[in-house]
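As stored in entry03.txt (compact mmCIF, C-alpha atoms):
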```txt
# COMPACT_ATOMS: atom_id res chain seq x y z
CA MET A 1 -21.50 -25.85 34.29
CA ALA A 2 -18.48 -25.10 36.49
CA GLY A 3 -16.23 -27.04 34.13
CA ARG A 4 -17.60 -25.13 31.17
CA ARG A 5 -16.96 -21.81 32.91
CA GLY A 6 -13.44 -22.90 33.82
CA GLY A 7 -12.76 -23.86 30.21
CA SER A 8 -14.10 -20.51 29.01
CA PHE A 9 -11.86 -18.69 31.51
CA VAL A 10 -8.77 -20.58 30.35
CA THR A 11 -9.66 -20.00 26.70
CA GLY A 12 -10.18 -16.28 27.35
CA LEU A 13 -6.89 -16.07 29.24
CA LEU A 14 -4.96 -17.77 26.44
CA THR A 15 -6.63 -15.64 23.79
CA GLY A 16 -5.90 -12.45 25.75
CA GLY A 17 -2.26 -13.46 26.15
CA LEU A 18 -1.99 -14.28 22.44
CA LEU A 19 -3.54 -10.94 21.48
CA GLY A 20 -1.14 -9.11 23.81
CA LEU A 21 1.83 -10.94 22.32
CA LEU A 22 0.59 -10.18 18.81
CA CYS A 23 0.27 -6.46 19.58
CA GLY A 24 3.74 -6.42 21.10
CA LEU A 25 5.28 -8.14 18.08
CA MET A 26 3.54 -5.72 15.71
CA ALA A 27 4.82 -2.74 17.71
CA VAL A 28 8.39 -4.06 17.63
CA TYR A 29 8.16 -4.85 13.92
CA LEU A 30 6.77 -1.39 13.15
CA ALA A 31 9.64 0.22 15.06
CA ILE A 32 12.14 -1.89 13.10
CA ALA A 33 10.47 -1.29 9.72
CA LEU A 34 10.50 2.47 10.27
CA ASP A 35 14.16 2.35 11.44
CA VAL A 36 13.21 3.60 14.89
CA VAL A 37 15.11 0.71 16.51
CA SER A 38 18.33 -0.86 15.27
CA VAL A 39 17.83 -4.53 14.47
CA SER A 40 21.41 -5.58 15.15
CA LEU A 41 21.29 -4.25 18.69
CA ILE A 42 18.23 -6.10 19.92
CA GLN A 43 18.10 -9.36 17.95
CA PRO A 44 20.34 -12.39 17.40
CA LEU A 45 21.29 -13.33 13.86
CA PRO A 46 18.51 -15.91 13.03
CA LEU A 47 15.74 -13.58 14.18
CA GLN A 48 17.41 -10.71 12.37
CA ALA A 49 17.35 -12.70 9.11
CA LEU A 50 13.67 -13.57 9.65
CA THR A 51 12.80 -9.96 10.33
CA GLU A 52 14.67 -8.83 7.22
CA TRP A 53 12.84 -11.43 5.11
CA VAL A 54 9.45 -10.34 6.45
CA ARG A 55 10.38 -6.70 5.94
CA ARG A 56 11.42 -7.32 2.34
CA ASN A 57 8.51 -9.58 1.38
CA LEU A 58 5.61 -8.19 3.42
CA GLY A 59 6.61 -4.65 4.37
CA LEU A 60 4.04 -2.71 6.37
CA SER A 61 1.26 -5.09 5.31
CA VAL A 62 2.16 -7.04 8.48
CA ILE A 63 0.30 -4.36 10.48
CA PRO A 64 -3.16 -4.70 8.82
CA PHE A 65 -2.70 -8.47 8.59
CA GLY A 66 -1.88 -8.64 12.30
CA LEU A 67 -4.75 -6.37 13.31
CA THR A 68 -7.19 -8.44 11.27
CA VAL A 69 -5.98 -11.66 12.89
CA GLY A 70 -6.32 -10.04 16.33
CA PHE A 71 -9.91 -8.96 15.69
CA TYR A 72 -10.65 -12.41 14.26
CA LEU A 73 -9.35 -14.15 17.38
CA HIS A 74 -11.37 -11.82 19.58
CA SER A 75 -14.55 -12.53 17.61
CA LEU A 76 -13.85 -16.27 17.64
CA GLN A 77 -13.42 -16.17 21.41
CA GLY A 78 -16.66 -14.20 21.79
CA LEU A 79 -18.48 -16.72 19.60
CA ALA A 80 -17.18 -19.62 21.70
CA GLN A 81 -18.25 -17.91 24.93
CA ARG A 82 -21.77 -17.31 23.64
CA LEU A 83 -22.07 -20.90 22.52
CA ASP A 84 -20.97 -22.05 25.98
CA GLY A 85 -23.42 -19.67 27.66
CA ASP A 86 -26.34 -20.67 25.40
CA ARG A 87 -26.94 -17.03 24.55
CA PRO A 88 -29.71 -15.77 22.22
CA GLN A 89 -29.44 -16.60 18.56
CA ASP A 90 -28.98 -12.98 17.45
CA GLU A 91 -25.82 -12.64 19.60
CA VAL A 92 -24.35 -15.89 18.26
CA ALA A 93 -25.19 -14.89 14.69
CA GLN A 94 -23.61 -11.46 15.20
CA PHE A 95 -20.28 -12.89 16.38
CA GLU A 96 -20.32 -15.53 13.66
CA HIS A 97 -20.86 -12.74 11.15
CA LEU A 98 -17.91 -10.82 12.63
CA THR A 99 -15.59 -13.80 12.18
CA GLU A 100 -16.63 -13.96 8.52
CA VAL A 101 -16.06 -10.21 8.15
CA TRP A 102 -12.49 -10.41 9.50
CA THR A 103 -11.79 -13.44 7.30
CA SER A 104 -12.97 -11.58 4.21
CA LEU A 105 -10.98 -8.53 5.29
CA PHE A 106 -7.83 -10.68 5.51
CA PHE A 107 -8.39 -11.69 1.90
CA GLY A 108 -9.03 -8.04 1.08
CA VAL A 109 -5.80 -6.83 2.68
CA GLY A 110 -3.86 -9.23 0.48
CA VAL A 111 -5.62 -8.04 -2.67
CA ILE A 112 -5.42 -4.33 -1.84
CA TRP A 113 -1.78 -4.50 -0.80
CA THR A 114 -1.00 -6.36 -4.00
CA ALA A 115 -2.47 -3.53 -6.05
CA ILE A 116 -0.63 -0.92 -3.98
CA GLY A 117 2.67 -2.80 -4.28
CA MET A 118 2.37 -3.34 -8.02
CA ARG A 119 1.57 0.32 -8.60
CA ALA A 120 4.51 1.45 -6.47
CA ALA A 121 6.86 -1.00 -8.19
CA LEU A 122 5.79 0.07 -11.68
CA LEU A 123 6.12 3.75 -10.83
CA HIS A 124 9.57 3.13 -9.38
CA ALA A 125 10.74 1.09 -12.36
CA LEU A 126 9.04 2.96 -15.22
CA GLY A 127 8.57 6.39 -13.76
CA ASP A 128 10.91 7.90 -16.33
CA PRO A 129 10.42 6.05 -19.66
CA GLY A 130 13.62 7.46 -21.13
CA VAL A 131 15.77 6.24 -18.27
CA ALA A 132 14.01 2.86 -18.25
CA LEU A 133 14.61 2.43 -21.99
CA GLU A 134 18.32 3.18 -21.71
CA ALA A 135 18.84 1.15 -18.54
CA GLY A 136 17.93 -2.23 -20.00
CA ALA A 137 15.75 -5.11 -18.90
CA PHE A 138 17.91 -6.24 -15.97
CA VAL A 139 17.98 -2.80 -14.39
CA VAL A 140 14.21 -2.41 -14.86
CA LEU A 141 13.68 -5.80 -13.19
CA GLN A 142 15.92 -4.78 -10.31
CA ARG A 143 14.00 -1.53 -9.93
CA LEU A 144 10.74 -3.52 -9.88
CA VAL A 145 12.10 -5.64 -7.03
CA ASP A 146 13.33 -2.58 -5.17
CA GLY A 147 10.00 -0.87 -5.77
CA GLY A 148 8.01 -3.56 -3.99
CA VAL A 149 6.94 -6.19 -6.52
CA LEU A 150 7.98 -8.96 -4.08
CA THR A 151 5.78 -7.43 -1.42
CA ALA A 152 2.87 -7.28 -3.86
CA LEU A 153 3.16 -10.95 -4.82
CA THR A 154 3.81 -12.21 -1.27
CA THR A 155 0.81 -10.41 0.18
CA THR A 156 -1.41 -12.16 -2.34
CA ILE A 157 -0.13 -15.54 -1.17
CA VAL A 158 -0.35 -14.66 2.52
CA GLY A 159 -3.86 -13.21 2.14
CA GLY A 160 -5.14 -16.29 0.33
CA ILE A 161 -3.54 -18.92 2.55
CA GLY A 162 -4.29 -17.02 5.77
CA GLY A 163 -7.92 -16.41 4.85
CA TYR A 164 -8.56 -20.07 4.10
CA LEU A 165 -6.76 -21.10 7.31
CA MET A 166 -9.05 -18.77 9.27
CA ARG A 167 -12.12 -20.43 7.75
CA VAL A 168 -10.73 -23.90 8.41
CA SER A 169 -9.94 -22.94 12.03
CA LYS A 170 -13.48 -21.74 12.63
CA SER A 171 -14.95 -24.93 11.17
CA PHE A 172 -12.51 -27.16 13.07
CA PHE A 173 -12.93 -25.57 16.50
CA LEU A 174 -16.55 -24.39 16.42
CA GLY A 175 -18.23 -26.04 13.43
CA ALA A 176 -19.82 -28.94 15.32
CA ARG A 177 -20.91 -26.72 18.21
CA LEU A 178 -22.47 -24.21 15.82
CA SER A 179 -24.39 -26.99 14.07
CA ARG A 180 -25.71 -28.33 17.39
CA TYR A 181 -26.63 -24.85 18.55
CA TYR A 182 -28.65 -24.03 15.43
CA GLU A 183 -30.33 -27.45 15.54
CA GLN A 184 -31.38 -26.77 19.14
CA GLN A 185 -32.68 -23.35 18.16
CA ASP A 186 -34.67 -24.81 15.27
CA ARG A 187 -36.08 -27.50 17.56
CA HIS A 188 -37.00 -24.90 20.17
CA ASN A 189 -38.72 -22.71 17.57
CA ALA A 190 -40.62 -25.73 16.21
CA GLN A 191 -41.79 -26.67 19.71
CA ARG A 192 -42.88 -23.10 20.38
CA ILE A 193 -44.89 -23.03 17.14
CA GLU A 194 -46.48 -26.37 17.99
CA GLY A 195 -47.46 -25.04 21.41
CA ILE A 196 -49.07 -21.97 19.86
CA LEU A 197 -50.97 -24.14 17.38
CA ARG A 198 -52.20 -26.40 20.21
CA GLU A 199 -53.41 -23.35 22.14
CA ILE A 200 -55.23 -22.08 19.05
CA HIS A 201 -56.78 -25.51 18.47
CA ALA A 202 -57.91 -25.70 22.12
CA SER A 203 -59.41 -22.20 21.93
CA ILE A 204 -61.32 -23.09 18.77
CA GLY A 205 -62.62 -26.24 20.43
CA GLU A 206 -63.84 -24.28 23.47
CA LEU A 207 -65.59 -21.77 21.24
CA ALA A 208 -67.28 -24.58 19.34
CA LEU A 209 -68.65 -26.12 22.54
CA CYS A 210 -70.02 -22.86 23.91
CA PRO A 211 -73.56 -22.06 22.57
CA SER A 212 -74.03 -18.69 20.96
CA PRO A 213 -76.48 -16.16 22.57
CA GLY A 214 -78.95 -16.55 19.71
CA GLU A 215 -79.16 -20.30 20.06
CA GLY A 216 -79.72 -19.99 23.80
CA GLY A 217 -82.68 -17.63 23.23
CA ARG A 218 -84.37 -19.98 20.73
CA ALA A 219 -84.08 -22.88 23.16
CA LYS A 220 -86.05 -20.96 25.76
```

Write the structure described by the file as structure tokens, please.
Amino acid sequence: MAGRRGGSFVTGLLTGGLLGLLCGLMAVYLAIALDVVSVSLIQPLPLQALTEWVRRNLGLSVIPFGLTVGFYLHSLQGLAQRLDGDRPQDEVAQFEHLTEVWTSLFFGVGVIWTAIGMRAALLHALGDPGVALEAGAFVVLQRLVDGGVLTALTTTIVGGIGGYLMRVSKSFFLGARLSRYYEQQDRHNAQRIEGILREIHASIGELALCPSPGEGGRAK
């Protein structure tokens, strides 16, 4: 039991540190994306190139993606703690449901941001049909890229891959423990039902052995 509690403490500490780091990175990225902080002043060249790539291909979708991952990690940690503590089935089911909700929301962020990005790109490229017709195909394509079509397509990929990775992570880390937990709960419920049935059977047997008042009177 002490080892299990120690493992839960270490897992909670690591998860808390990871969530804190994730929040810090999102805050820094948001400041850079909104031009609040100059990138060249605070970052070396490789990290600057990575930030620029993320900014061009994901834009502000990093914020909802990051928040969803943070809530998912928190729910996954809560699910692991309740499995370690052998908590009631409704608590375990609630946290398992939350992990599925955040996974589905990660998929949803990718889909929604794709629609938003495509709409913004089309409005930017074809907002004025006369200008778009005179500009030519290459200029329209460039305006689509500038308008956010890369962000729209990349968020679809990130949402799909990330969502499936979240499901795989849950199955890899907690799948066997969840199966054992639900098997134990089913076994416990079956034993409880068997106990109730035995009590009912014993009560019926006692009632059958006891003579009724009418039969006692006739015997006299």

### Query
atom CA of Gly59 of chain A to atom CA of Val101 of chain A: how many Å, to one decimal?
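For atom CA of Gly59 of chain A relative to atom CA of Val101 of chain A, the distance reads 23.6 Å.
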
### Query
If we count only C-alpha atoms, what is near Ile116 of chain A at a cut-off of 12 Å, once residues fewer than 2 positions away on the same chain are taken out, given as JSON, numbers by chain?
{"A": [59, 60, 61, 109, 110, 111, 112, 113, 114, 118, 119, 120, 121, 122, 123, 147, 148, 149, 150, 151, 152, 153, 155, 156]}

Please, could you write that set of residues out with C-alpha atoms as a PDB file, in the frame of the given file?
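selection-v4.pdb, freshly written:
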```pdb
ATOM      1  CA  GLY A  59       6.610  -4.650   4.370  1.00  0.00           C
ATOM      2  CA  LEU A  60       4.040  -2.710   6.370  1.00  0.00           C
ATOM      3  CA  SER A  61       1.260  -5.090   5.310  1.00  0.00           C
ATOM      4  CA  VAL A 109      -5.800  -6.830   2.680  1.00  0.00           C
ATOM      5  CA  GLY A 110      -3.860  -9.230   0.480  1.00  0.00           C
ATOM      6  CA  VAL A 111      -5.620  -8.040  -2.670  1.00  0.00           C
ATOM      7  CA  ILE A 112      -5.420  -4.330  -1.840  1.00  0.00           C
ATOM      8  CA  TRP A 113      -1.780  -4.500  -0.800  1.00  0.00           C
ATOM      9  CA  THR A 114      -1.000  -6.360  -4.000  1.00  0.00           C
ATOM     10  CA  MET A 118       2.370  -3.340  -8.020  1.00  0.00           C
ATOM     11  CA  ARG A 119       1.570   0.320  -8.600  1.00  0.00           C
ATOM     12  CA  ALA A 120       4.510   1.450  -6.470  1.00  0.00           C
ATOM     13  CA  ALA A 121       6.860  -1.000  -8.190  1.00  0.00           C
ATOM     14  CA  LEU A 122       5.790   0.070 -11.680  1.00  0.00           C
ATOM     15  CA  LEU A 123       6.120   3.750 -10.830  1.00  0.00           C
ATOM     16  CA  GLY A 147      10.000  -0.870  -5.770  1.00  0.00           C
ATOM     17  CA  GLY A 148       8.010  -3.560  -3.990  1.00  0.00           C
ATOM     18  CA  VAL A 149       6.940  -6.190  -6.520  1.00  0.00           C
ATOM     19  CA  LEU A 150       7.980  -8.960  -4.080  1.00  0.00           C
ATOM     20  CA  THR A 151       5.780  -7.430  -1.420  1.00  0.00           C
ATOM     21  CA  ALA A 152       2.870  -7.280  -3.860  1.00  0.00           C
ATOM     22  CA  LEU A 153       3.160 -10.950  -4.820  1.00  0.00           C
ATOM     23  CA  THR A 155       0.810 -10.410   0.180  1.00  0.00           C
ATOM     24  CA  THR A 156      -1.410 -12.160  -2.340  1.00  0.00           C
TER      25      THR A 156
END
```

### Query
Pick from A:Thr68, A:Gln81, A:Gln48, A:Thr103: nearest to Met166 of chain A, with all atoms listed in the file counted?
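Checking each candidate against Met166 of chain A, we get A:Thr103 as the closest.
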
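Closest approach to Asp90 of chain A among A:Glu52, A:Phe173, A:His124, A:Tyr182: A:Tyr182, based on all atoms listed in the file.
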
### Query
With all atoms listed in the file as the atoms that count, which of A:Phe95, A:Gln89, A:Leu209, A:Thr154 lies nearest to Asn189 of chain A?
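Under the stated criterion, the closest residue is A:Gln89.
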
### Message
Nearest residue to Gly78 of chain A out of A:Leu207, A:Leu98, A:Ile63, A:Leu126, using only C-alpha atoms?
### Response
A:Leu98

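Atom CA of Phe71 of chain A sits 20.6 Å away from atom CA of Ile157 of chain A.
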
### Message
For a test of reading the model, state the distance in Å between atom CA of Ala80 of chain A and atom CA of Phe107 of chain A, rounded to one decimal.
### Response
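Taking atom CA of Ala80 of chain A and atom CA of Phe107 of chain A, their separation equals 23.1 Å.
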
If we count all atoms listed in the file, what is near Val168 of chain A at a cut-off of 12 Å, once residues fewer than 5 positions away on the same chain are taken out, given as a CSV table (one decimal) with C-alpha atoms, in the coordinates of the input?
```
chain,number,residue,atom,x,y,z
A,99,THR,CA,-15.6,-13.8,12.2
A,100,GLU,CA,-16.6,-14.0,8.5
A,103,THR,CA,-11.8,-13.4,7.3
A,161,ILE,CA,-3.5,-18.9,2.6
A,162,GLY,CA,-4.3,-17.0,5.8
A,163,GLY,CA,-7.9,-16.4,4.8
A,173,PHE,CA,-12.9,-25.6,16.5
A,174,LEU,CA,-16.6,-24.4,16.4
A,175,GLY,CA,-18.2,-26.0,13.4
```
